[in-house]
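Structure file structure.pdb; described as PDB, C-alpha atoms, pLDDT in the B column.
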```pdb
ATOM      1  CA  MET A   1     -69.765  11.096 -22.025  1.00 31.00           C
ATOM      2  CA  LYS A   2     -73.263  12.513 -22.367  1.00 31.00           C
ATOM      3  CA  HIS A   3     -75.058   9.511 -20.898  1.00 30.00           C
ATOM      4  CA  ALA A   4     -73.199   7.513 -18.284  1.00 31.00           C
ATOM      5  CA  LEU A   5     -74.040   3.850 -17.952  1.00 28.00           C
ATOM      6  CA  ALA A   6     -73.942   2.196 -14.594  1.00 31.00           C
ATOM      7  CA  ALA A   7     -72.233   2.054 -11.267  1.00 33.00           C
ATOM      8  CA  LEU A   8     -72.247  -0.464  -8.498  1.00 32.00           C
ATOM      9  CA  GLY A   9     -72.410   1.039  -5.049  1.00 35.00           C
ATOM     10  CA  GLY A  10     -74.459   1.140  -1.878  1.00 33.00           C
ATOM     11  CA  LEU A  11     -73.752  -1.503   0.711  1.00 35.00           C
ATOM     12  CA  ILE A  12     -71.056  -2.925  -1.511  1.00 39.00           C
ATOM     13  CA  PHE A  13     -68.806  -0.336  -3.056  1.00 36.00           C
ATOM     14  CA  LEU A  14     -66.094  -0.821  -5.601  1.00 33.00           C
ATOM     15  CA  ALA A  15     -62.612  -1.319  -4.342  1.00 33.00           C
ATOM     16  CA  GLY A  16     -61.485  -3.585  -7.142  1.00 34.00           C
ATOM     17  CA  CYS A  17     -62.047  -3.495 -10.843  1.00 36.00           C
ATOM     18  CA  THR A  18     -65.203  -3.838 -12.878  1.00 41.00           C
ATOM     19  CA  ALA A  19     -65.867  -4.229 -16.542  1.00 40.00           C
ATOM     20  CA  VAL A  20     -68.677  -2.550 -18.461  1.00 39.00           C
ATOM     21  CA  PRO A  21     -68.957  -4.469 -21.735  1.00 40.00           C
ATOM     22  CA  VAL A  22     -68.308  -2.410 -24.877  1.00 37.00           C
ATOM     23  CA  ALA A  23     -71.569  -3.675 -26.409  1.00 39.00           C
ATOM     24  CA  THR A  24     -73.411  -2.221 -23.423  1.00 37.00           C
ATOM     25  CA  MET A  25     -71.742   1.156 -23.882  1.00 37.00           C
ATOM     26  CA  VAL A  26     -72.852   1.195 -27.509  1.00 33.00           C
ATOM     27  CA  ARG A  27     -76.368  -0.044 -26.715  1.00 40.00           C
ATOM     28  CA  LEU A  28     -77.012   2.295 -23.766  1.00 48.00           C
ATOM     29  CA  GLY A  29     -74.826   5.163 -24.958  1.00 50.00           C
ATOM     30  CA  GLY A  30     -77.860   6.824 -26.513  1.00 58.00           C
ATOM     31  CA  PHE A  31     -80.143   6.144 -23.529  1.00 68.00           C
ATOM     32  CA  ASP A  32     -81.875   9.423 -22.729  1.00 75.00           C
ATOM     33  CA  GLU A  33     -84.860  10.996 -20.982  1.00 78.00           C
ATOM     34  CA  LYS A  34     -87.196  10.159 -23.891  1.00 81.00           C
ATOM     35  CA  GLN A  35     -86.411   6.463 -23.635  1.00 84.00           C
ATOM     36  CA  LEU A  36     -86.619   6.612 -19.850  1.00 85.00           C
ATOM     37  CA  ALA A  37     -90.107   8.117 -20.119  1.00 86.00           C
ATOM     38  CA  THR A  38     -91.342   5.226 -22.294  1.00 87.00           C
ATOM     39  CA  LEU A  39     -90.211   2.336 -20.061  1.00 91.00           C
ATOM     40  CA  ASP A  40     -92.785   0.148 -18.336  1.00 95.00           C
ATOM     41  CA  PRO A  41     -91.544  -0.225 -14.743  1.00 96.00           C
ATOM     42  CA  ALA A  42     -93.707  -3.329 -14.277  1.00 97.00           C
ATOM     43  CA  VAL A  43     -91.586  -5.309 -16.757  1.00 96.00           C
ATOM     44  CA  MET A  44     -88.131  -3.959 -15.884  1.00 95.00           C
ATOM     45  CA  ARG A  45     -85.832  -6.490 -14.227  1.00 96.00           C
ATOM     46  CA  VAL A  46     -82.421  -6.510 -12.552  1.00 96.00           C
ATOM     47  CA  ARG A  47     -80.411  -9.723 -12.412  1.00 96.00           C
ATOM     48  CA  VAL A  48     -77.471 -10.064 -10.019  1.00 95.00           C
ATOM     49  CA  ALA A  49     -75.184 -13.088 -10.202  1.00 96.00           C
ATOM     50  CA  ALA A  50     -72.539 -14.075  -7.666  1.00 95.00           C
ATOM     51  CA  PRO A  51     -70.556 -17.250  -6.964  1.00 95.00           C
ATOM     52  CA  PRO A  52     -72.209 -19.897  -4.753  1.00 94.00           C
ATOM     53  CA  GLY A  53     -71.948 -19.102  -1.050  1.00 93.00           C
ATOM     54  CA  PHE A  54     -72.674 -15.415  -1.552  1.00 93.00           C
ATOM     55  CA  VAL A  55     -76.282 -14.420  -0.875  1.00 92.00           C
ATOM     56  CA  ILE A  56     -77.670 -11.231  -2.375  1.00 92.00           C
ATOM     57  CA  ASP A  57     -80.003  -9.299  -0.061  1.00 92.00           C
ATOM     58  CA  PRO A  58     -82.996  -8.197  -2.186  1.00 93.00           C
ATOM     59  CA  GLY A  59     -84.249  -5.925   0.608  1.00 91.00           C
ATOM     60  CA  GLN A  60     -81.028  -3.899   0.459  1.00 91.00           C
ATOM     61  CA  THR A  61     -80.592  -3.943  -3.324  1.00 92.00           C
ATOM     62  CA  ARG A  62     -81.819  -0.862  -5.220  1.00 92.00           C
ATOM     63  CA  LEU A  63     -82.097   0.474  -8.741  1.00 93.00           C
ATOM     64  CA  ALA A  64     -81.172   4.159  -8.876  1.00 91.00           C
ATOM     65  CA  VAL A  65     -81.720   6.692 -11.651  1.00 89.00           C
ATOM     66  CA  ARG A  66     -79.732   9.935 -11.653  1.00 86.00           C
ATOM     67  CA  LEU A  67     -80.813  12.801 -13.877  1.00 84.00           C
ATOM     68  CA  ARG A  68     -78.952  16.013 -14.581  1.00 82.00           C
ATOM     69  CA  SER A  69     -80.248  18.937 -16.571  1.00 78.00           C
ATOM     70  CA  GLY A  70     -77.948  21.933 -16.348  1.00 77.00           C
ATOM     71  CA  GLU A  71     -77.521  22.643 -12.649  1.00 80.00           C
ATOM     72  CA  ASP A  72     -80.633  20.651 -11.690  1.00 80.00           C
ATOM     73  CA  LYS A  73     -79.924  17.183 -10.348  1.00 83.00           C
ATOM     74  CA  ARG A  74     -82.351  14.516  -9.255  1.00 84.00           C
ATOM     75  CA  THR A  75     -81.705  11.031  -7.914  1.00 89.00           C
ATOM     76  CA  GLU A  76     -84.397   8.437  -7.337  1.00 91.00           C
ATOM     77  CA  GLU A  77     -83.845   5.049  -5.720  1.00 93.00           C
ATOM     78  CA  PHE A  78     -86.277   2.221  -6.278  1.00 96.00           C
ATOM     79  CA  GLU A  79     -86.781  -0.788  -4.029  1.00 97.00           C
ATOM     80  CA  LEU A  80     -86.548  -4.212  -5.594  1.00 97.00           C
ATOM     81  CA  ALA A  81     -88.103  -7.560  -4.717  1.00 97.00           C
ATOM     82  CA  ALA A  82     -86.777 -10.981  -5.695  1.00 95.00           C
ATOM     83  CA  THR A  83     -88.788 -12.898  -8.282  1.00 94.00           C
ATOM     84  CA  LEU A  84     -86.419 -15.776  -8.966  1.00 94.00           C
ATOM     85  CA  HIS A  85     -83.345 -17.476  -7.487  1.00 94.00           C
ATOM     86  CA  ARG A  86     -81.577 -20.015  -9.667  1.00 94.00           C
ATOM     87  CA  ASP A  87     -78.267 -21.616 -10.488  1.00 94.00           C
ATOM     88  CA  GLY A  88     -76.509 -20.284 -13.556  1.00 93.00           C
ATOM     89  CA  ARG A  89     -73.163 -20.024 -15.297  1.00 91.00           C
ATOM     90  CA  ARG A  90     -71.107 -17.074 -16.539  1.00 90.00           C
ATOM     91  CA  PRO A  91     -68.303 -17.227 -19.102  1.00 86.00           C
ATOM     92  CA  GLY A  92     -64.924 -17.658 -17.464  1.00 80.00           C
ATOM     93  CA  GLY A  93     -62.924 -16.172 -20.303  1.00 78.00           C
ATOM     94  CA  PRO A  94     -61.334 -17.389 -23.516  1.00 84.00           C
ATOM     95  CA  PHE A  95     -59.297 -20.176 -21.891  1.00 88.00           C
ATOM     96  CA  ALA A  96     -61.151 -20.597 -18.597  1.00 86.00           C
ATOM     97  CA  PRO A  97     -64.144 -22.778 -17.784  1.00 91.00           C
ATOM     98  CA  ASP A  98     -67.555 -21.255 -17.124  1.00 90.00           C
ATOM     99  CA  ILE A  99     -68.114 -19.983 -13.591  1.00 91.00           C
ATOM    100  CA  PRO A 100     -71.048 -21.386 -11.583  1.00 95.00           C
ATOM    101  CA  VAL A 101     -73.183 -18.615 -10.052  1.00 95.00           C
ATOM    102  CA  LYS A 102     -76.352 -18.040  -8.092  1.00 96.00           C
ATOM    103  CA  GLU A 103     -78.606 -15.610  -9.969  1.00 96.00           C
ATOM    104  CA  THR A 104     -81.166 -13.425  -8.250  1.00 97.00           C
ATOM    105  CA  THR A 105     -83.726 -11.771 -10.513  1.00 97.00           C
ATOM    106  CA  LEU A 106     -85.454  -8.710  -9.072  1.00 97.00           C
ATOM    107  CA  ARG A 107     -88.311  -6.413 -10.109  1.00 97.00           C
ATOM    108  CA  LEU A 108     -89.447  -3.019  -8.877  1.00 97.00           C
ATOM    109  CA  THR A 109     -91.867  -3.309  -5.958  1.00 97.00           C
ATOM    110  CA  PRO A 110     -95.408  -1.979  -6.616  1.00 98.00           C
ATOM    111  CA  ALA A 111     -94.615   1.194  -4.633  1.00 98.00           C
ATOM    112  CA  SER A 112     -91.397   1.654  -6.630  1.00 97.00           C
ATOM    113  CA  GLN A 113     -93.263   1.142  -9.905  1.00 97.00           C
ATOM    114  CA  ASN A 114     -95.537   4.045  -8.925  1.00 97.00           C
ATOM    115  CA  ALA A 115     -92.536   6.170  -7.897  1.00 96.00           C
ATOM    116  CA  PHE A 116     -90.842   5.339 -11.222  1.00 94.00           C
ATOM    117  CA  ARG A 117     -93.952   6.525 -13.096  1.00 94.00           C
ATOM    118  CA  ARG A 118     -93.886   9.805 -11.130  1.00 91.00           C
ATOM    119  CA  MET A 119     -90.242  10.247 -12.096  1.00 89.00           C
ATOM    120  CA  GLN A 120     -91.159   9.591 -15.733  1.00 88.00           C
ATOM    121  CA  ALA A 121     -93.847  12.290 -15.551  1.00 87.00           C
ATOM    122  CA  PHE A 122     -91.241  14.670 -14.119  1.00 82.00           C
ATOM    123  CA  VAL A 123     -88.891  13.915 -17.032  1.00 81.00           C
ATOM    124  CA  LEU A 124     -91.468  14.597 -19.749  1.00 80.00           C
ATOM    125  CA  GLY A 125     -90.826  17.910 -21.461  1.00 76.00           C
ATOM    126  CA  ARG A 126     -87.326  18.259 -20.014  1.00 77.00           C
ATOM    127  CA  VAL A 127     -83.972  17.749 -21.634  1.00 79.00           C
ATOM    128  CA  ALA A 128     -81.515  15.785 -19.523  1.00 78.00           C
ATOM    129  CA  ASP A 129     -77.787  16.245 -20.034  1.00 80.00           C
ATOM    130  CA  GLN A 130     -77.159  12.974 -18.271  1.00 82.00           C
ATOM    131  CA  VAL A 131     -79.162   9.860 -17.375  1.00 83.00           C
ATOM    132  CA  ASP A 132     -77.338   7.345 -15.148  1.00 83.00           C
ATOM    133  CA  LEU A 133     -78.565   3.916 -14.118  1.00 84.00           C
ATOM    134  CA  GLU A 134     -77.049   2.387 -11.001  1.00 86.00           C
ATOM    135  CA  VAL A 135     -77.622  -0.841  -9.148  1.00 89.00           C
ATOM    136  CA  HIS A 136     -76.781  -0.777  -5.445  1.00 87.00           C
ATOM    137  CA  VAL A 137     -76.255  -4.382  -4.335  1.00 88.00           C
ATOM    138  CA  GLY A 138     -76.866  -5.553  -0.782  1.00 86.00           C
ATOM    139  CA  LEU A 139     -75.005  -8.652   0.351  1.00 86.00           C
ATOM    140  CA  GLU A 140     -76.640 -10.795   3.023  1.00 89.00           C
ATOM    141  CA  LYS A 141     -74.037 -13.532   3.401  1.00 89.00           C
ATOM    142  CA  ALA A 142     -70.519 -14.404   2.274  1.00 89.00           C
ATOM    143  CA  PRO A 143     -68.602 -17.660   2.648  1.00 91.00           C
ATOM    144  CA  PRO A 144     -66.306 -17.781   5.696  1.00 89.00           C
ATOM    145  CA  GLY A 145     -62.908 -16.292   4.892  1.00 87.00           C
ATOM    146  CA  ALA A 146     -64.078 -14.671   1.645  1.00 89.00           C
ATOM    147  CA  THR A 147     -62.061 -11.551   0.831  1.00 88.00           C
ATOM    148  CA  GLU A 148     -63.474 -10.772  -2.616  1.00 88.00           C
ATOM    149  CA  LEU A 149     -66.788 -10.956  -4.449  1.00 88.00           C
ATOM    150  CA  THR A 150     -67.125 -11.267  -8.209  1.00 89.00           C
ATOM    151  CA  VAL A 151     -70.484  -9.961  -9.410  1.00 91.00           C
ATOM    152  CA  TRP A 152     -72.408  -9.714 -12.675  1.00 93.00           C
ATOM    153  CA  ILE A 153     -75.313  -7.270 -13.012  1.00 93.00           C
ATOM    154  CA  ASP A 154     -77.746  -7.225 -15.937  1.00 92.00           C
ATOM    155  CA  VAL A 155     -80.760  -4.973 -16.522  1.00 92.00           C
ATOM    156  CA  MET A 156     -83.794  -5.689 -18.690  1.00 93.00           C
ATOM    157  CA  MET A 157     -85.623  -2.542 -19.783  1.00 89.00           C
ATOM    158  CA  SER A 158     -88.191  -4.490 -21.818  1.00 89.00           C
ATOM    159  CA  PRO A 159     -88.724  -8.183 -22.588  1.00 90.00           C
ATOM    160  CA  GLY A 160     -88.232  -7.527 -26.315  1.00 89.00           C
ATOM    161  CA  GLU A 161     -84.719  -6.186 -25.745  1.00 87.00           C
ATOM    162  CA  GLY A 162     -83.656  -8.797 -23.207  1.00 91.00           C
ATOM    163  CA  TYR A 163     -80.960  -8.297 -20.595  1.00 91.00           C
ATOM    164  CA  VAL A 164     -78.113  -5.821 -21.004  1.00 88.00           C
ATOM    165  CA  PRO A 165     -74.962  -6.492 -18.953  1.00 88.00           C
ATOM    166  CA  LEU A 166     -74.022  -3.532 -16.770  1.00 86.00           C
ATOM    167  CA  VAL A 167     -71.217  -5.110 -14.753  1.00 87.00           C
ATOM    168  CA  ASP A 168     -69.414  -8.124 -16.179  1.00 88.00           C
ATOM    169  CA  GLY A 169     -67.431  -9.936 -13.515  1.00 88.00           C
ATOM    170  CA  GLY A 170     -66.689  -6.903 -11.348  1.00 87.00           C
ATOM    171  CA  ARG A 171     -64.474  -7.682  -8.358  1.00 86.00           C
ATOM    172  CA  ILE A 172     -65.126  -6.179  -4.958  1.00 82.00           C
ATOM    173  CA  GLU A 173     -62.849  -6.491  -1.955  1.00 81.00           C
ATOM    174  CA  LEU A 174     -65.013  -7.489   1.011  1.00 78.00           C
ATOM    175  CA  TYR A 175     -62.825  -6.140   3.778  1.00 65.00           C
ATOM    176  CA  LYS A 176     -63.860  -2.665   2.654  1.00 54.00           C
ATOM    177  CA  THR A 177     -67.566  -3.245   3.116  1.00 52.00           C
ATOM    178  CA  LYS A 178     -70.059  -4.497   5.677  1.00 50.00           C
ATOM    179  CA  VAL A 179     -71.938  -7.729   5.130  1.00 47.00           C
ATOM    180  CA  TYR A 180     -75.212  -7.802   7.022  1.00 40.00           C
TER
END
```
Could you rewrite the structure in this file as structure tokens?
Amino acid sequence: MKHALAALGGLIFLAGCTAVPVATMVRLGGFDEKQLATLDPAVMRVRVAAPPGFVIDPGQTRLAVRLRSGEDKRTEEFELAATLHRDGRRPGGPFAPDIPVKETTLRLTPASQNAFRRMQAFVLGRVADQVDLEVHVGLEKAPPGATELTVWIDVMMSPGEGYVPLVDGGRIELYKTKVY
């Protein structure tokens, strides 16, 4: 695939299964360096949802962009800051009730907005074979005895486009990761 979509990693890494919605693959399948160069980092948002009792650590959660052009590779990680914590619901499936979640909405910090703009300047005039977006999620707290985390991750590139789901109910086994 020319343009990969998203991966969940960092402090929590995948040991279970995740789902990238087909609509997301179609919508972001054509995401390239030209579109990356036109984004306004001040309005970009990342939303992470997890069941109640799990607390997302904004200070350890990052947005990463990986670029590849031929043999040249570049990865940039951008710090995020929480802008909103709220209760929400996610669809439970065709025959299952909705799932209550705690949503954390994050934005790029001012320093990361500047770093993102520098990366955009670097991209101008280049052709990228691959542009990957990743969200590395930090987990601050888990309920006692929890062995698995279900997570939903959405990204908003611009307010006009709204949120795009990157991970839709991905399951992560907690015994394989550290919770700080």
Given the file shown, determine the residues that the PyMOL selection byres ((chain A and resi 47) around 9) selects; report them as a list in words.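 The output of the PyMOL selection byres ((chain A and resi 47) around 9) on this file is Arg45, Val46, Val48, Ala49, Glu103, Thr104, Thr105, Leu106, Arg107, Trp152, Ile153, Asp154, Val155, Met156 and Tyr163 of chain A.
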Quick one: residues within 7 Å of Thr75 of chain A, only C-alpha atoms counted, chain neighbours fewer than 3 positions away excluded, as number ranges by chain? A: 64-67
Quick one, how far is atom CA of Val137 of chain A from atom CA of Leu63 of chain A?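 Pair atom CA of Val137 of chain A / atom CA of Leu63 of chain A returns 8.8 Å.
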Report as a PyMOL selection string all protein, DNA and RNA residues lying within 10 Å of segment 41-44 of chain A, evaluated on only C-alpha atoms, omitting residues in the same chain fewer than 3 positions from it. chain A and resi 36+38+106-110+112-117+120+155-159+162-163
For Arg62 of chain A, which of A:Gly145, A:Gly169, A:Gly92, A:Gly138 is the closest residue, counting all atoms listed in the file?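 For Arg62 of chain A, the nearest of the candidates is A:Gly138.
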Calculated over only C-alpha atoms, which of the candidates A:Arg171, A:Gly160, A:Phe78, A:Gly88 has the smallest distance to Met119 of chain A?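 Counting only C-alpha atoms, the residue closest to Met119 of chain A is A:Phe78.
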Counting all atoms listed in the file, which of A:Leu149, A:Ala50, A:Leu80, A:Ala37 gets nearest to Arg118 of chain A?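 Answer, going by the shortest atom-to-atom distance: A:Ala37.
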Students should find that atom CA of Arg86 of chain A and atom CA of Asp168 of chain A are spaced 18.2 Å
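Nearest-residue note for Ala128 of chain A: choosing from A:Glu173, A:Glu33, A:Glu79, A:Asp57, the minimum distance belongs to A:Glu33, counting all atoms listed in the file.
Note that the spacing between atom CA of Glu76 of chain A and atom CA of Val55 of chain A amounts to 25.1 Å.
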Target residues per the PyMOL selection byres ((chain A and resi 140) around 8), formatted as a list in words: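 Applying the expression gives Phe54, Val55, Ile56, Asp57, Gly138, Leu139, Lys141, Ala142, Val179 and Tyr180 of chain A.
Distances from A:Arg90, A:Val167, A:Glu71, A:Ala121 to His136 of chain A were compared using all atoms listed in the file, and the smallest one belongs to A:Val167.
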Name the closest residue to Ala111 of chain A among the candidates A:Ala81, A:Leu39, A:Val151, A:Leu174; distances are taken between atoms, counting all atoms listed in the file.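 Closest to Ala111 of chain A, using all atoms listed in the file: A:Ala81.
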As a PDB file, keeping the file's coordinate frame, could you write out segment 135-146 of chain A once it has been completed with N, CA, C and O atoms?
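The result, stored in out02.pdb:
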```pdb
ATOM      1  N   VAL A 135     -77.067   0.230  -9.962  1.00 89.00           N
ATOM      2  CA  VAL A 135     -77.622  -0.841  -9.148  1.00 89.00           C
ATOM      3  C   VAL A 135     -76.785  -0.905  -7.879  1.00 89.00           C
ATOM      4  O   VAL A 135     -75.569  -1.097  -7.941  1.00 89.00           O
ATOM      5  N   HIS A 136     -77.428  -0.684  -6.750  1.00 87.00           N
ATOM      6  CA  HIS A 136     -76.781  -0.777  -5.445  1.00 87.00           C
ATOM      7  C   HIS A 136     -77.096  -2.170  -4.900  1.00 87.00           C
ATOM      8  O   HIS A 136     -78.254  -2.482  -4.665  1.00 87.00           O
ATOM      9  N   VAL A 137     -76.073  -2.983  -4.716  1.00 88.00           N
ATOM     10  CA  VAL A 137     -76.255  -4.382  -4.335  1.00 88.00           C
ATOM     11  C   VAL A 137     -76.037  -4.556  -2.845  1.00 88.00           C
ATOM     12  O   VAL A 137     -74.997  -4.157  -2.318  1.00 88.00           O
ATOM     13  N   GLY A 138     -77.003  -5.174  -2.185  1.00 86.00           N
ATOM     14  CA  GLY A 138     -76.866  -5.553  -0.782  1.00 86.00           C
ATOM     15  C   GLY A 138     -76.438  -7.004  -0.699  1.00 86.00           C
ATOM     16  O   GLY A 138     -76.931  -7.859  -1.433  1.00 86.00           O
ATOM     17  N   LEU A 139     -75.503  -7.297   0.168  1.00 86.00           N
ATOM     18  CA  LEU A 139     -75.005  -8.652   0.351  1.00 86.00           C
ATOM     19  C   LEU A 139     -75.407  -9.140   1.733  1.00 86.00           C
ATOM     20  O   LEU A 139     -75.075  -8.513   2.734  1.00 86.00           O
ATOM     21  N   GLU A 140     -76.146 -10.238   1.762  1.00 89.00           N
ATOM     22  CA  GLU A 140     -76.640 -10.795   3.023  1.00 89.00           C
ATOM     23  C   GLU A 140     -75.635 -11.736   3.675  1.00 89.00           C
ATOM     24  O   GLU A 140     -75.499 -11.778   4.890  1.00 89.00           O
ATOM     25  N   LYS A 141     -74.913 -12.505   2.854  1.00 89.00           N
ATOM     26  CA  LYS A 141     -74.037 -13.532   3.401  1.00 89.00           C
ATOM     27  C   LYS A 141     -72.869 -13.762   2.453  1.00 89.00           C
ATOM     28  O   LYS A 141     -73.015 -13.681   1.232  1.00 89.00           O
ATOM     29  N   ALA A 142     -71.712 -14.048   3.037  1.00 89.00           N
ATOM     30  CA  ALA A 142     -70.519 -14.404   2.274  1.00 89.00           C
ATOM     31  C   ALA A 142     -69.918 -15.663   2.890  1.00 89.00           C
ATOM     32  O   ALA A 142     -70.059 -15.901   4.091  1.00 89.00           O
ATOM     33  N   PRO A 143     -69.246 -16.463   2.087  1.00 91.00           N
ATOM     34  CA  PRO A 143     -68.602 -17.660   2.648  1.00 91.00           C
ATOM     35  C   PRO A 143     -67.538 -17.270   3.680  1.00 91.00           C
ATOM     36  O   PRO A 143     -66.903 -16.218   3.547  1.00 91.00           O
ATOM     37  N   PRO A 144     -67.343 -18.082   4.708  1.00 89.00           N
ATOM     38  CA  PRO A 144     -66.306 -17.781   5.696  1.00 89.00           C
ATOM     39  C   PRO A 144     -64.948 -17.595   5.027  1.00 89.00           C
ATOM     40  O   PRO A 144     -64.570 -18.355   4.140  1.00 89.00           O
ATOM     41  N   GLY A 145     -64.235 -16.562   5.417  1.00 87.00           N
ATOM     42  CA  GLY A 145     -62.908 -16.292   4.892  1.00 87.00           C
ATOM     43  C   GLY A 145     -62.882 -15.602   3.535  1.00 87.00           C
ATOM     44  O   GLY A 145     -61.806 -15.314   3.015  1.00 87.00           O
ATOM     45  N   ALA A 146     -64.049 -15.330   2.962  1.00 89.00           N
ATOM     46  CA  ALA A 146     -64.078 -14.671   1.645  1.00 89.00           C
ATOM     47  C   ALA A 146     -63.512 -13.260   1.763  1.00 89.00           C
ATOM     48  O   ALA A 146     -63.829 -12.530   2.699  1.00 89.00           O
TER      49      ALA A 146
END
```
